[in-house]
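**Student:** This one is upload-v2.tsv, TSV, C-alpha atoms.
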chain	number	residue	atom	x	y	z
A	1	MET	CA	115.86	127.03	101.33
A	2	ASP	CA	113.79	123.90	100.59
A	3	ILE	CA	113.90	121.79	103.73
A	4	HIS	CA	113.93	118.68	101.53
A	5	THR	CA	117.41	119.60	100.25
A	6	LEU	CA	118.89	119.36	103.74
A	7	SER	CA	120.54	116.13	104.90
A	8	PRO	CA	119.09	114.93	108.22
A	9	ILE	CA	121.47	113.17	110.59
A	10	ALA	CA	120.72	109.70	111.96
A	11	GLY	CA	120.43	109.70	115.73
A	12	LYS	CA	119.90	113.45	115.79
A	13	ASP	CA	117.00	114.09	113.43
A	14	TYR	CA	115.48	110.61	113.44
A	15	PRO	CA	115.93	107.34	115.38
A	16	GLN	CA	118.23	104.72	113.89
A	17	ASN	CA	116.36	101.61	115.05
A	18	TRP	CA	113.24	100.39	116.85
A	19	ASN	CA	114.78	100.58	120.32
A	20	ALA	CA	115.78	104.18	119.71
A	21	PHE	CA	112.27	104.87	118.37
A	22	LEU	CA	110.75	103.66	121.64
A	23	ASP	CA	113.07	105.93	123.62
A	24	TRP	CA	112.36	108.97	121.45
A	25	PHE	CA	108.57	108.66	121.38
A	26	SER	CA	107.59	107.27	124.76
A	27	THR	CA	104.99	109.99	125.41
A	28	GLU	CA	102.45	112.06	123.49
A	29	ASP	CA	104.35	115.24	124.41
A	30	ALA	CA	107.52	113.83	122.83
A	31	CYS	CA	105.61	113.05	119.63
A	32	LEU	CA	104.12	116.56	119.54
A	33	ALA	CA	107.53	118.16	120.08
A	34	TYR	CA	109.01	116.14	117.21
A	35	LEU	CA	106.19	117.03	114.81
A	36	GLU	CA	106.43	120.68	115.83
A	37	LYS	CA	110.13	120.73	114.94
A	38	LEU	CA	109.37	119.17	111.57
A	39	ARG	CA	106.53	121.57	110.82
A	40	TRP	CA	108.36	124.72	111.94
A	41	PRO	CA	112.10	123.91	111.79
A	42	GLU	CA	113.02	127.57	112.32
A	43	GLY	CA	110.37	128.26	114.93
A	44	PHE	CA	106.60	128.67	115.08
A	45	VAL	CA	104.91	130.56	112.25
A	46	CYS	CA	101.28	131.55	112.76
A	47	PRO	CA	99.00	129.82	110.20
A	48	SER	CA	96.77	132.90	110.22
A	49	CYS	CA	99.00	136.01	110.10
A	50	ALA	CA	102.18	134.21	108.94
A	51	LEU	CA	104.31	136.01	111.51
A	52	ALA	CA	107.07	134.11	113.25
A	53	GLY	CA	107.54	134.20	116.97
A	54	LYS	CA	107.42	132.11	120.09
A	55	PRO	CA	103.74	131.24	120.75
A	56	HIS	CA	101.90	131.22	124.02
A	57	ARG	CA	101.28	127.62	125.03
A	58	ALA	CA	97.86	126.89	126.49
A	59	ASN	CA	96.37	123.62	127.69
A	60	ARG	CA	95.45	120.73	125.38
A	61	GLY	CA	98.39	121.55	123.12
A	62	ARG	CA	96.99	124.85	121.88
A	63	LEU	CA	99.43	127.38	120.41
A	64	ILE	CA	98.31	131.02	120.58
A	65	CYS	CA	99.96	133.59	118.32
A	66	ARG	CA	101.23	136.57	120.33
A	67	HIS	CA	100.55	138.89	117.39
A	68	CYS	CA	96.97	138.08	116.30
A	69	ARG	CA	95.88	135.74	119.13
A	70	TYR	CA	94.98	133.03	116.62
A	71	GLN	CA	94.75	129.60	118.24
A	72	SER	CA	96.21	126.59	116.46
A	73	SER	CA	98.00	123.36	117.22
A	74	VAL	CA	100.84	121.30	115.82
A	75	THR	CA	98.46	118.86	114.14
A	76	ALA	CA	95.85	121.32	112.85
A	77	GLY	CA	95.83	121.49	109.06
A	78	THR	CA	97.92	118.32	108.70
A	79	ILE	CA	97.01	114.68	108.08
A	80	PHE	CA	96.87	114.25	111.88
A	81	SER	CA	94.11	116.86	112.23
A	82	LYS	CA	91.27	115.92	114.62
A	83	THR	CA	92.54	112.37	115.02
A	84	ARG	CA	91.44	110.42	118.07
A	85	THR	CA	94.28	107.96	117.62
A	86	PRO	CA	97.31	108.67	119.85
A	87	LEU	CA	100.28	110.20	118.06
A	88	ARG	CA	102.43	107.40	119.43
A	89	VAL	CA	100.37	105.04	117.28
A	90	TRP	CA	100.62	107.33	114.25
A	91	LEU	CA	104.41	107.51	114.51
A	92	ALA	CA	104.71	103.78	115.12
A	93	ALA	CA	102.62	103.25	111.98
A	94	ALA	CA	104.94	105.54	110.00
A	95	TRP	CA	107.98	103.63	111.26
A	96	TYR	CA	106.48	100.26	110.40
A	97	LEU	CA	105.23	101.47	107.01
A	98	THR	CA	108.63	102.80	105.94
A	99	ASN	CA	110.60	99.87	107.36
A	100	GLN	CA	108.71	97.26	105.37
A	101	LYS	CA	110.28	97.27	101.92
A	102	GLN	CA	107.20	95.80	100.26
A	103	GLY	CA	104.72	97.90	102.20
A	104	VAL	CA	102.00	96.79	104.56
A	105	SER	CA	98.29	96.08	104.31
A	106	ALA	CA	95.74	97.62	106.65
A	107	LEU	CA	95.07	94.21	108.18
A	108	GLY	CA	98.80	93.74	108.80
A	109	LEU	CA	99.08	97.18	110.41
A	110	GLN	CA	96.05	96.49	112.58
A	111	ARG	CA	97.63	93.31	113.88
A	112	VAL	CA	101.09	94.77	114.50
A	113	LEU	CA	99.83	97.84	116.38
A	114	GLY	CA	96.96	96.04	118.10
A	115	LEU	CA	94.35	98.44	116.74
A	116	GLY	CA	90.77	97.60	117.57
A	117	SER	CA	89.43	98.80	114.23
A	118	TYR	CA	90.41	97.78	110.70
A	119	GLN	CA	89.01	101.10	109.46
A	120	THR	CA	91.43	103.01	111.72
A	121	ALA	CA	94.41	101.17	110.26
A	122	TRP	CA	93.08	101.64	106.73
A	123	MET	CA	92.64	105.40	107.20
A	124	ILE	CA	96.09	105.83	108.78
A	125	LEU	CA	97.65	104.22	105.73
A	126	HIS	CA	95.60	106.30	103.32
A	127	ARG	CA	96.44	109.55	105.09
A	128	TYR	CA	100.11	108.68	104.92
A	129	ARG	CA	99.77	107.82	101.24
A	130	ARG	CA	98.34	111.29	100.68
A	131	ALA	CA	101.60	112.67	102.11
A	132	MET	CA	103.93	110.53	100.02
A	133	ILE	CA	103.97	112.80	96.98
A	134	ARG	CA	105.77	116.10	97.53
A	135	PRO	CA	104.45	119.12	95.60
A	136	GLY	CA	107.04	120.72	93.35
A	137	ARG	CA	109.17	117.60	93.05
A	138	GLU	CA	111.74	117.52	90.26
A	139	LYS	CA	110.54	116.18	86.93
A	140	LEU	CA	112.06	113.13	85.24
A	141	HIS	CA	114.79	113.87	82.71
A	142	GLY	CA	117.27	112.24	80.38
A	143	LEU	CA	116.01	109.14	78.57
A	144	VAL	CA	112.46	108.34	79.74
A	145	GLU	CA	110.24	105.48	78.59
A	146	VAL	CA	106.46	106.05	78.53
A	147	ASP	CA	103.75	103.43	78.09
A	148	GLU	CA	100.34	102.34	79.36
A	149	THR	CA	99.18	99.12	81.00
A	150	TYR	CA	96.00	97.68	82.46
A	151	LEU	CA	95.56	96.61	86.08
A	152	ASP	CA	92.82	94.26	87.30
A	153	MET	CA	90.92	95.88	90.17
A	154	THR	CA	88.40	94.35	92.58
A	155	ASP	CA	85.05	95.90	93.52
A	156	GLY	CA	85.34	94.74	97.16
A	157	ARG	CA	85.05	97.49	99.78
A	158	PRO	CA	87.80	98.27	102.32
A	159	GLY	CA	87.61	95.81	105.18
A	160	ASP	CA	85.05	93.66	103.38
A	161	ARG	CA	86.25	90.14	104.02
A	162	SER	CA	82.97	88.43	103.18
A	163	LYS	CA	82.95	85.24	101.18
A	164	ARG	CA	80.95	86.68	98.32
A	165	LYS	CA	82.59	86.52	94.92
A	166	SER	CA	84.34	89.74	93.93
A	167	HIS	CA	84.08	91.16	90.44
A	168	THR	CA	87.03	92.80	88.74
A	169	GLN	CA	87.46	95.56	86.21
A	170	ARG	CA	90.41	96.68	84.18
A	171	VAL	CA	91.90	100.08	84.99
A	172	LEU	CA	94.32	101.86	82.67
A	173	ILE	CA	97.45	103.53	84.05
A	174	ILE	CA	100.30	105.38	82.35
A	175	LEU	CA	103.93	104.98	83.36
A	176	ALA	CA	107.12	106.99	82.87
A	177	VAL	CA	110.49	105.45	83.78
A	178	GLU	CA	113.94	107.04	83.67
A	179	ILE	CA	116.46	104.81	81.90
A	180	LYS	CA	120.05	104.90	83.13
A	181	GLU	CA	122.98	104.14	80.83
A	182	PRO	CA	124.49	101.63	80.39
A	183	GLN	CA	121.83	99.87	82.48
A	184	GLY	CA	119.39	100.35	85.32
A	185	PHE	CA	116.35	102.49	86.08
A	186	GLY	CA	116.00	105.84	87.79
A	187	ARG	CA	112.82	107.44	89.11
A	188	ILE	CA	109.27	106.77	87.95
A	189	ARG	CA	105.88	108.49	87.67
A	190	LEU	CA	102.46	106.78	87.54
A	191	ARG	CA	98.90	107.94	86.99
A	192	ARG	CA	95.50	106.39	86.46
A	193	ILE	CA	93.85	107.60	83.24
A	194	ASP	CA	90.40	107.09	81.76
A	195	ASP	CA	91.64	106.28	78.25
A	196	ASP	CA	94.79	106.42	76.13
A	197	THR	CA	93.98	109.60	74.22
A	198	LYS	CA	96.15	112.67	73.71
A	199	GLY	CA	94.02	114.58	76.21
A	200	ASN	CA	95.18	112.25	79.01
A	201	VAL	CA	98.62	111.15	77.83
A	202	LEU	CA	100.25	114.42	76.77
A	203	PRO	CA	99.42	116.37	79.99
A	204	PHE	CA	100.90	113.49	82.01
A	205	ILE	CA	104.12	113.69	80.00
A	206	GLN	CA	104.33	117.47	80.34
A	207	ASN	CA	103.70	117.32	84.10
A	208	SER	CA	106.14	114.46	84.66
A	209	ILE	CA	109.04	114.90	82.24
A	210	GLU	CA	111.40	117.84	81.77
A	211	THR	CA	111.16	119.56	78.39
A	212	GLY	CA	114.08	118.61	76.15
A	213	SER	CA	114.27	115.07	77.51
A	214	HIS	CA	114.50	112.04	75.23
A	215	VAL	CA	111.11	110.28	75.40
A	216	ARG	CA	110.81	106.72	74.12
A	217	THR	CA	107.34	105.35	73.33
A	218	ASP	CA	105.66	102.72	71.21
A	219	GLY	CA	104.14	103.63	67.84
A	220	ALA	CA	100.75	104.76	69.15
A	221	GLY	CA	99.27	107.80	67.45
A	222	MET	CA	98.83	109.95	70.58
A	223	TYR	CA	102.61	110.27	70.87
A	224	VAL	CA	103.24	111.44	67.29
A	225	LYS	CA	103.52	115.17	68.06
A	226	LEU	CA	105.72	114.94	71.14
A	227	HIS	CA	108.51	116.75	69.29
A	228	GLU	CA	106.20	119.77	68.94
A	229	LEU	CA	106.06	119.95	72.77
A	230	GLY	CA	109.84	120.23	73.03
A	231	TYR	CA	110.81	116.58	73.50
A	232	GLN	CA	113.19	114.38	71.55
A	233	HIS	CA	110.99	111.48	70.48
A	234	ASP	CA	112.07	107.90	69.84
A	235	ARG	CA	109.17	105.79	68.51
A	236	LYS	CA	109.45	102.02	68.80
A	237	VAL	CA	106.88	100.48	66.44
A	238	MET	CA	106.04	97.09	67.94
A	239	LEU	CA	103.67	95.77	65.28
A	240	GLY	CA	105.57	93.36	63.06
A	241	SER	CA	108.86	93.93	64.89
A	242	GLU	CA	111.11	90.94	65.56
A	243	THR	CA	112.23	92.54	68.84
A	244	PRO	CA	109.92	91.75	71.79
A	245	ALA	CA	108.27	94.74	73.47
A	246	HIS	CA	109.91	93.97	76.82
A	247	THR	CA	113.31	94.18	75.11
A	248	SER	CA	112.61	97.40	73.20
A	249	MET	CA	111.18	99.12	76.29
A	250	PRO	CA	112.44	97.21	79.33
A	251	GLY	CA	111.82	99.95	81.91
A	252	VAL	CA	108.05	100.33	81.63
A	253	HIS	CA	107.50	96.58	81.28
A	254	ARG	CA	109.61	95.86	84.37
A	255	VAL	CA	107.86	98.50	86.48
A	256	ALA	CA	104.41	97.39	85.27
A	257	SER	CA	105.24	93.83	86.33
A	258	LEU	CA	106.42	95.02	89.76
A	259	ILE	CA	103.23	97.05	90.33
A	260	LYS	CA	101.00	94.09	89.55
A	261	ARG	CA	103.06	91.79	91.78
A	262	TRP	CA	102.99	94.36	94.61
A	263	LEU	CA	99.22	94.84	94.45
A	264	LEU	CA	98.66	91.08	94.49
A	265	GLY	CA	101.31	90.27	97.08
A	266	THR	CA	101.08	93.05	99.68
A	267	HIS	CA	97.45	94.03	99.14
A	268	HIS	CA	96.10	90.67	97.93
A	269	GLY	CA	94.51	92.31	94.90
A	270	ALA	CA	91.89	93.99	97.12
A	271	VAL	CA	92.41	97.53	95.85
A	272	ARG	CA	89.39	99.38	94.51
A	273	PRO	CA	89.70	101.61	91.42
A	274	GLU	CA	88.60	104.65	93.46
A	275	GLN	CA	91.63	104.32	95.74
A	276	LEU	CA	94.19	103.24	93.13
A	277	ASP	CA	95.75	106.71	92.88
A	278	ALA	CA	96.84	106.52	96.52
A	279	TYR	CA	98.43	103.11	96.05
A	280	LEU	CA	100.25	104.31	92.94
A	281	ASP	CA	101.61	107.23	94.99
A	282	GLU	CA	102.90	104.79	97.60
A	283	PHE	CA	104.53	102.61	94.95
A	284	VAL	CA	106.27	105.67	93.46
A	285	PHE	CA	107.44	106.75	96.94
A	286	ARG	CA	108.93	103.31	97.58
A	287	PHE	CA	110.42	102.73	94.14
A	288	ASN	CA	112.11	106.13	93.97
A	289	ARG	CA	113.71	105.50	97.38
A	290	ARG	CA	114.53	101.83	96.88
A	291	SER	CA	118.29	102.42	97.12
A	292	SER	CA	118.08	104.29	100.43
A	293	ARG	CA	120.28	102.62	103.04
A	294	SER	CA	118.47	104.27	105.93
A	295	ARG	CA	114.90	103.30	106.66
A	296	GLY	CA	114.96	105.92	109.39
A	297	MET	CA	115.50	108.55	106.71
A	298	LEU	CA	112.32	107.39	104.95
A	299	PHE	CA	110.46	107.71	108.25
A	300	TYR	CA	111.79	111.26	108.61
A	301	ARG	CA	110.84	112.25	105.05
A	302	LEU	CA	107.34	110.82	105.37
A	303	LEU	CA	106.61	112.72	108.58
A	304	GLN	CA	108.21	115.85	107.13
A	305	GLN	CA	105.67	115.70	104.31
A	306	ALA	CA	102.83	114.62	106.62
A	307	VAL	CA	102.95	117.88	108.61
A	308	ALA	CA	102.86	119.83	105.33
A	309	THR	CA	99.92	117.91	103.85
A	310	GLU	CA	96.31	119.00	104.33
A	311	PRO	CA	93.93	116.65	106.17
A	312	VAL	CA	91.80	114.12	104.33
A	313	THR	CA	88.51	112.65	105.57
A	314	TYR	CA	87.16	109.14	105.19
A	315	GLU	CA	84.65	110.44	102.64
A	316	ASN	CA	87.49	112.02	100.61
A	317	VAL	CA	89.13	108.62	100.33
A	318	VAL	CA	86.19	106.33	99.63
A	319	VAL	CA	84.50	108.65	97.15
A	320	ARG	CA	86.23	108.90	93.82
A	321	LYS	CA	87.95	112.24	93.31
A	322	ALA	CA	89.60	113.64	90.21
A	323	LYS	CA	93.35	113.20	90.26
A	324	GLU	CA	95.03	116.41	91.42
A	325	GLU	CA	97.49	117.95	89.05
Turn this file's structure into structure tokens for me.

**Tutor:**
Amino acid sequence: MDIHTLSPIAGKDYPQNWNAFLDWFSTEDACLAYLEKLRWPEGFVCPSCALAGKPHRANRGRLICRHCRYQSSVTAGTIFSKTRTPLRVWLAAAWYLTNQKQGVSALGLQRVLGLGSYQTAWMILHRYRRAMIRPGREKLHGLVEVDETYLDMTDGRPGDRSKRKSHTQRVLIILAVEIKEPQGFGRIRLRRIDDDTKGNVLPFIQNSIETGSHVRTDGAGMYVKLHELGYQHDRKVMLGSETPAHTSMPGVHRVASLIKRWLLGTHHGAVRPEQLDAYLDEFVFRFNRRSSRSRGMLFYRLLQQAVATEPVTYENVVVRKAKEE
């Protein structure tokens, strides 16, 4: 059974408020025990031989498989791997990150947690962003709008608060938004693309939208053969139309506006093109859970994915990598 289909219980599986959080995670051992339960909800499974069984517990948090004698730990192979930052700080960061509806900047996190290094706060946020997208998630379906938009990105480096003038460049992203009838929006998908050609647009649609869905686009040529891929296609030709684009396709225009406002408001427009994918993942995580009444549930889901996500280094983040499929 997919652990994401289960319904965690407030007060049992995650704290309900900040006071409860402080009680639950007052020590490093308490944090380790919580992460261990999330990583192996049915008991320890050896990362090497894949056999289940109660491990031998050595010092420094080492877990030794009784079958193959492989040594591991709760944090090994996760986003917390080899961190020098206390887990209490990591979990506090996760709580703060998920309890701020508009997100948090690295500078804001540094101030709230009293971190001595901006880079530490920046990396904590980027590691969590890496865990915000769950592999195998359900594709969008029903009526889905698809469009592209440009974002203005700065060339300033993380933590660079010098007074020099920053230069900007335009980065193209593609959006898909579920449309609910009679009104409202469902889930979304976002991706940075190099250009608006079929080679970039069609794979995004196939990876994001369930075959057979009703896809609404503008009149651009790269969408012409969508019906051959198994989609119902509704083309809205904007050129010469008396109906404004934001009226014909309200979903993508609304989401594009929210992304731009979020990048300028929460992150002050200081997002580099190389890291944009991570910020888009965070926006998707937040938007798709915007109706959640429990911020504690978001905390639980983020940590649940964090212990199932491979570690990422500083070099992985600052150096541009191809977007993973």

**Student:** Hey, what's within 12 Å of Ile193 in chain A if we count all atoms listed in the file and toss same-chain stuff fewer than 4 positions away? As a list of chain:residue names, please?

**Tutor:**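 These residues fall inside the cut-off: A:Asp147, A:Glu148, A:Thr149, A:Tyr150, A:Leu151, A:Arg170, A:Val171, A:Leu172, A:Ile173, A:Ile174, A:Leu175, A:Thr197, A:Lys198, A:Gly199, A:Asn200, A:Val201, A:Leu202, A:Pro203, A:Phe204, A:Pro273, A:Glu274, A:Leu276, A:Asp277, A:Ala322, A:Lys323.
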
**Student:** Can you work out which one of A:Thr154, A:Gln110, A:Thr120, A:Thr78 has the shortest atom-to-atom distance to Ala308 in chain A, counting only C-alpha atoms?

**Tutor:**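 Checking each candidate against Ala308 in chain A, we get A:Thr78 as the closest.
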
**Student:** Taking (96.8, 97.9, 118.7) in the coordinates of the supplied file, I want to know which residues reach to within 12 Å of it, counting all atoms listed in the file; could you give the answer as a list in words?

**Tutor:** Thr85, Pro86, Arg88, Val89, Trp90, Ala92, Ala93, Leu107, Gly108, Leu109, Gln110, Arg111, Val112, Leu113, Gly114, Leu115, Gly116, Ser117, Tyr118, Thr120 and Ala121 of chain A

**Student:** List the neighbours of Tyr128 in chain A out to 10 Å using only C-alpha atoms; skip same-chain residues closer than 5 positions along the sequence, and give me the result as a list in words.

**Tutor:**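 The contact residues come out as Ile79, Phe80, Trp90, Ala93, Ala94, Leu97, Met123, Ile133, Ala278, Glu282, Leu302, Leu303, Gln305, Ala306, Thr309 and Val312 of chain A.
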
**Student:** Rank A:Leu263, A:Val74, A:Gly184, A:Leu91 by their smallest atom-to-atom distance to Trp40 in chain A, using only C-alpha atoms, and report the top residue only.

**Tutor:**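 So, comparing all the options, the nearest one is A:Val74.
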
**Student:** Select all residues near (110.4, 100.7, 67.6) (cut-off 7 Å, inclusive, file coordinates), counting only C-alpha atoms, and output them as a PyMOL selection string.

**Tutor:** chain A and resi 218-219+235-238+248

**Student:** For a quick check of understanding, using all atoms listed in the file, which of A:His253, A:His214, A:Arg127, A:Lys12 has the smallest distance to Trp24 in chain A?

**Tutor:** A:Lys12

**Student:** For a quick check of understanding, using all atoms listed in the file, which of A:Ile209, A:Ala10, A:Leu298, A:Cys49 has the smallest distance to Cys68 in chain A?

**Tutor:**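 Result for the nearest residue to Cys68 in chain A: A:Cys49.
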
**Student:** Give me range 80-91 of chain A from this structure - all heavy atoms, as a PDB file, in the first residue's frame.

**Tutor:**
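What ended up in out_17.pdb:
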ATOM      1  N   PHE A  80      18.753  14.569   4.623  1.00  0.00           N
ATOM      2  CA  PHE A  80      19.458  14.927   5.856  1.00  0.00           C
ATOM      3  C   PHE A  80      20.863  14.320   5.915  1.00  0.00           C
ATOM      4  O   PHE A  80      21.581  14.517   6.892  1.00  0.00           O
ATOM      5  CB  PHE A  80      18.668  14.449   7.073  1.00  0.00           C
ATOM      6  CG  PHE A  80      17.227  14.861   7.075  1.00  0.00           C
ATOM      7  CD1 PHE A  80      16.216  13.928   6.845  1.00  0.00           C
ATOM      8  CD2 PHE A  80      16.860  16.173   7.293  1.00  0.00           C
ATOM      9  CE1 PHE A  80      14.885  14.296   6.841  1.00  0.00           C
ATOM     10  CE2 PHE A  80      15.530  16.565   7.289  1.00  0.00           C
ATOM     11  CZ  PHE A  80      14.535  15.627   7.062  1.00  0.00           C
ATOM     12  N   SER A  81      21.240  13.580   4.895  1.00  0.00           N
ATOM     13  CA  SER A  81      22.505  12.851   4.908  1.00  0.00           C
ATOM     14  C   SER A  81      23.706  13.764   5.138  1.00  0.00           C
ATOM     15  O   SER A  81      23.844  14.812   4.499  1.00  0.00           O
ATOM     16  CB  SER A  81      22.679  12.103   3.578  1.00  0.00           C
ATOM     17  OG  SER A  81      23.887  11.393   3.560  1.00  0.00           O
ATOM     18  N   LYS A  82      24.556  13.376   6.084  1.00  0.00           N
ATOM     19  CA  LYS A  82      25.830  14.048   6.384  1.00  0.00           C
ATOM     20  C   LYS A  82      25.667  15.499   6.832  1.00  0.00           C
ATOM     21  O   LYS A  82      26.630  16.269   6.796  1.00  0.00           O
ATOM     22  CB  LYS A  82      26.775  13.992   5.177  1.00  0.00           C
ATOM     23  CG  LYS A  82      27.155  12.581   4.759  1.00  0.00           C
ATOM     24  CD  LYS A  82      28.098  12.579   3.570  1.00  0.00           C
ATOM     25  CE  LYS A  82      28.461  11.153   3.165  1.00  0.00           C
ATOM     26  NZ  LYS A  82      29.387  11.132   1.997  1.00  0.00           N
ATOM     27  N   THR A  83      24.484  15.872   7.256  1.00  0.00           N
ATOM     28  CA  THR A  83      24.287  17.244   7.714  1.00  0.00           C
ATOM     29  C   THR A  83      24.955  17.472   9.063  1.00  0.00           C
ATOM     30  O   THR A  83      25.005  16.577   9.901  1.00  0.00           O
ATOM     31  CB  THR A  83      22.793  17.583   7.821  1.00  0.00           C
ATOM     32  OG1 THR A  83      22.657  18.953   8.255  1.00  0.00           O
ATOM     33  CG2 THR A  83      22.092  16.682   8.829  1.00  0.00           C
ATOM     34  N   ARG A  84      25.495  18.661   9.236  1.00  0.00           N
ATOM     35  CA  ARG A  84      26.063  19.047  10.524  1.00  0.00           C
ATOM     36  C   ARG A  84      25.071  19.880  11.328  1.00  0.00           C
ATOM     37  O   ARG A  84      25.341  20.237  12.470  1.00  0.00           O
ATOM     38  CB  ARG A  84      27.351  19.838  10.303  1.00  0.00           C
ATOM     39  CG  ARG A  84      28.463  19.037   9.624  1.00  0.00           C
ATOM     40  CD  ARG A  84      29.698  19.892   9.427  1.00  0.00           C
ATOM     41  NE  ARG A  84      30.765  19.130   8.764  1.00  0.00           N
ATOM     42  CZ  ARG A  84      31.947  19.651   8.436  1.00  0.00           C
ATOM     43  NH1 ARG A  84      32.200  20.920   8.709  1.00  0.00           N
ATOM     44  NH2 ARG A  84      32.861  18.895   7.844  1.00  0.00           N
ATOM     45  N   THR A  85      23.956  20.199  10.715  1.00  0.00           N
ATOM     46  CA  THR A  85      22.922  20.978  11.380  1.00  0.00           C
ATOM     47  C   THR A  85      22.057  20.049  12.217  1.00  0.00           C
ATOM     48  O   THR A  85      21.623  19.001  11.725  1.00  0.00           O
ATOM     49  CB  THR A  85      22.047  21.705  10.345  1.00  0.00           C
ATOM     50  OG1 THR A  85      22.880  22.520   9.505  1.00  0.00           O
ATOM     51  CG2 THR A  85      21.001  22.581  11.018  1.00  0.00           C
ATOM     52  N   PRO A  86      21.782  20.378  13.476  1.00  0.00           N
ATOM     53  CA  PRO A  86      20.958  19.511  14.322  1.00  0.00           C
ATOM     54  C   PRO A  86      19.598  19.224  13.689  1.00  0.00           C
ATOM     55  O   PRO A  86      19.012  20.083  13.020  1.00  0.00           O
ATOM     56  CB  PRO A  86      20.797  20.327  15.620  1.00  0.00           C
ATOM     57  CG  PRO A  86      21.997  21.219  15.644  1.00  0.00           C
ATOM     58  CD  PRO A  86      22.271  21.567  14.205  1.00  0.00           C
ATOM     59  N   LEU A  87      19.108  18.012  13.895  1.00  0.00           N
ATOM     60  CA  LEU A  87      17.800  17.643  13.341  1.00  0.00           C
ATOM     61  C   LEU A  87      16.687  18.493  13.932  1.00  0.00           C
ATOM     62  O   LEU A  87      15.656  18.707  13.285  1.00  0.00           O
ATOM     63  CB  LEU A  87      17.523  16.159  13.593  1.00  0.00           C
ATOM     64  CG  LEU A  87      18.368  15.185  12.776  1.00  0.00           C
ATOM     65  CD1 LEU A  87      18.048  13.751  13.173  1.00  0.00           C
ATOM     66  CD2 LEU A  87      18.135  15.378  11.275  1.00  0.00           C
ATOM     67  N   ARG A  88      16.868  18.955  15.150  1.00  0.00           N
ATOM     68  CA  ARG A  88      15.870  19.848  15.741  1.00  0.00           C
ATOM     69  C   ARG A  88      15.698  21.096  14.880  1.00  0.00           C
ATOM     70  O   ARG A  88      14.586  21.600  14.715  1.00  0.00           O
ATOM     71  CB  ARG A  88      16.273  20.239  17.160  1.00  0.00           C
ATOM     72  CG  ARG A  88      16.284  19.080  18.153  1.00  0.00           C
ATOM     73  CD  ARG A  88      16.799  19.527  19.505  1.00  0.00           C
ATOM     74  NE  ARG A  88      15.939  20.543  20.091  1.00  0.00           N
ATOM     75  CZ  ARG A  88      16.289  21.317  21.113  1.00  0.00           C
ATOM     76  NH1 ARG A  88      17.502  21.200  21.652  1.00  0.00           N
ATOM     77  NH2 ARG A  88      15.445  22.204  21.589  1.00  0.00           N
ATOM     78  N   VAL A  89      16.800  21.588  14.320  1.00  0.00           N
ATOM     79  CA  VAL A  89      16.735  22.758  13.443  1.00  0.00           C
ATOM     80  C   VAL A  89      16.067  22.394  12.123  1.00  0.00           C
ATOM     81  O   VAL A  89      15.236  23.143  11.603  1.00  0.00           O
ATOM     82  CB  VAL A  89      18.153  23.320  13.198  1.00  0.00           C
ATOM     83  CG1 VAL A  89      18.125  24.440  12.157  1.00  0.00           C
ATOM     84  CG2 VAL A  89      18.754  23.823  14.510  1.00  0.00           C
ATOM     85  N   TRP A  90      16.412  21.225  11.582  1.00  0.00           N
ATOM     86  CA  TRP A  90      15.800  20.769  10.329  1.00  0.00           C
ATOM     87  C   TRP A  90      14.283  20.659  10.471  1.00  0.00           C
ATOM     88  O   TRP A  90      13.529  21.098   9.603  1.00  0.00           O
ATOM     89  CB  TRP A  90      16.366  19.407   9.939  1.00  0.00           C
ATOM     90  CG  TRP A  90      17.646  19.459   9.171  1.00  0.00           C
ATOM     91  CD1 TRP A  90      18.906  19.339   9.666  1.00  0.00           C
ATOM     92  CD2 TRP A  90      17.786  19.643   7.753  1.00  0.00           C
ATOM     93  NE1 TRP A  90      19.828  19.437   8.656  1.00  0.00           N
ATOM     94  CE2 TRP A  90      19.174  19.619   7.467  1.00  0.00           C
ATOM     95  CE3 TRP A  90      16.876  19.825   6.713  1.00  0.00           C
ATOM     96  CZ2 TRP A  90      19.664  19.777   6.178  1.00  0.00           C
ATOM     97  CZ3 TRP A  90      17.373  19.964   5.421  1.00  0.00           C
ATOM     98  CH2 TRP A  90      18.753  19.940   5.158  1.00  0.00           C
ATOM     99  N   LEU A  91      13.824  20.053  11.561  1.00  0.00           N
ATOM    100  CA  LEU A  91      12.385  19.874  11.740  1.00  0.00           C
ATOM    101  C   LEU A  91      11.685  21.194  12.025  1.00  0.00           C
ATOM    102  O   LEU A  91      10.556  21.413  11.568  1.00  0.00           O
ATOM    103  CB  LEU A  91      12.106  18.857  12.857  1.00  0.00           C
ATOM    104  CG  LEU A  91      11.958  17.397  12.373  1.00  0.00           C
ATOM    105  CD1 LEU A  91      13.228  16.913  11.680  1.00  0.00           C
ATOM    106  CD2 LEU A  91      11.614  16.475  13.531  1.00  0.00           C
TER     107      LEU A  91
END
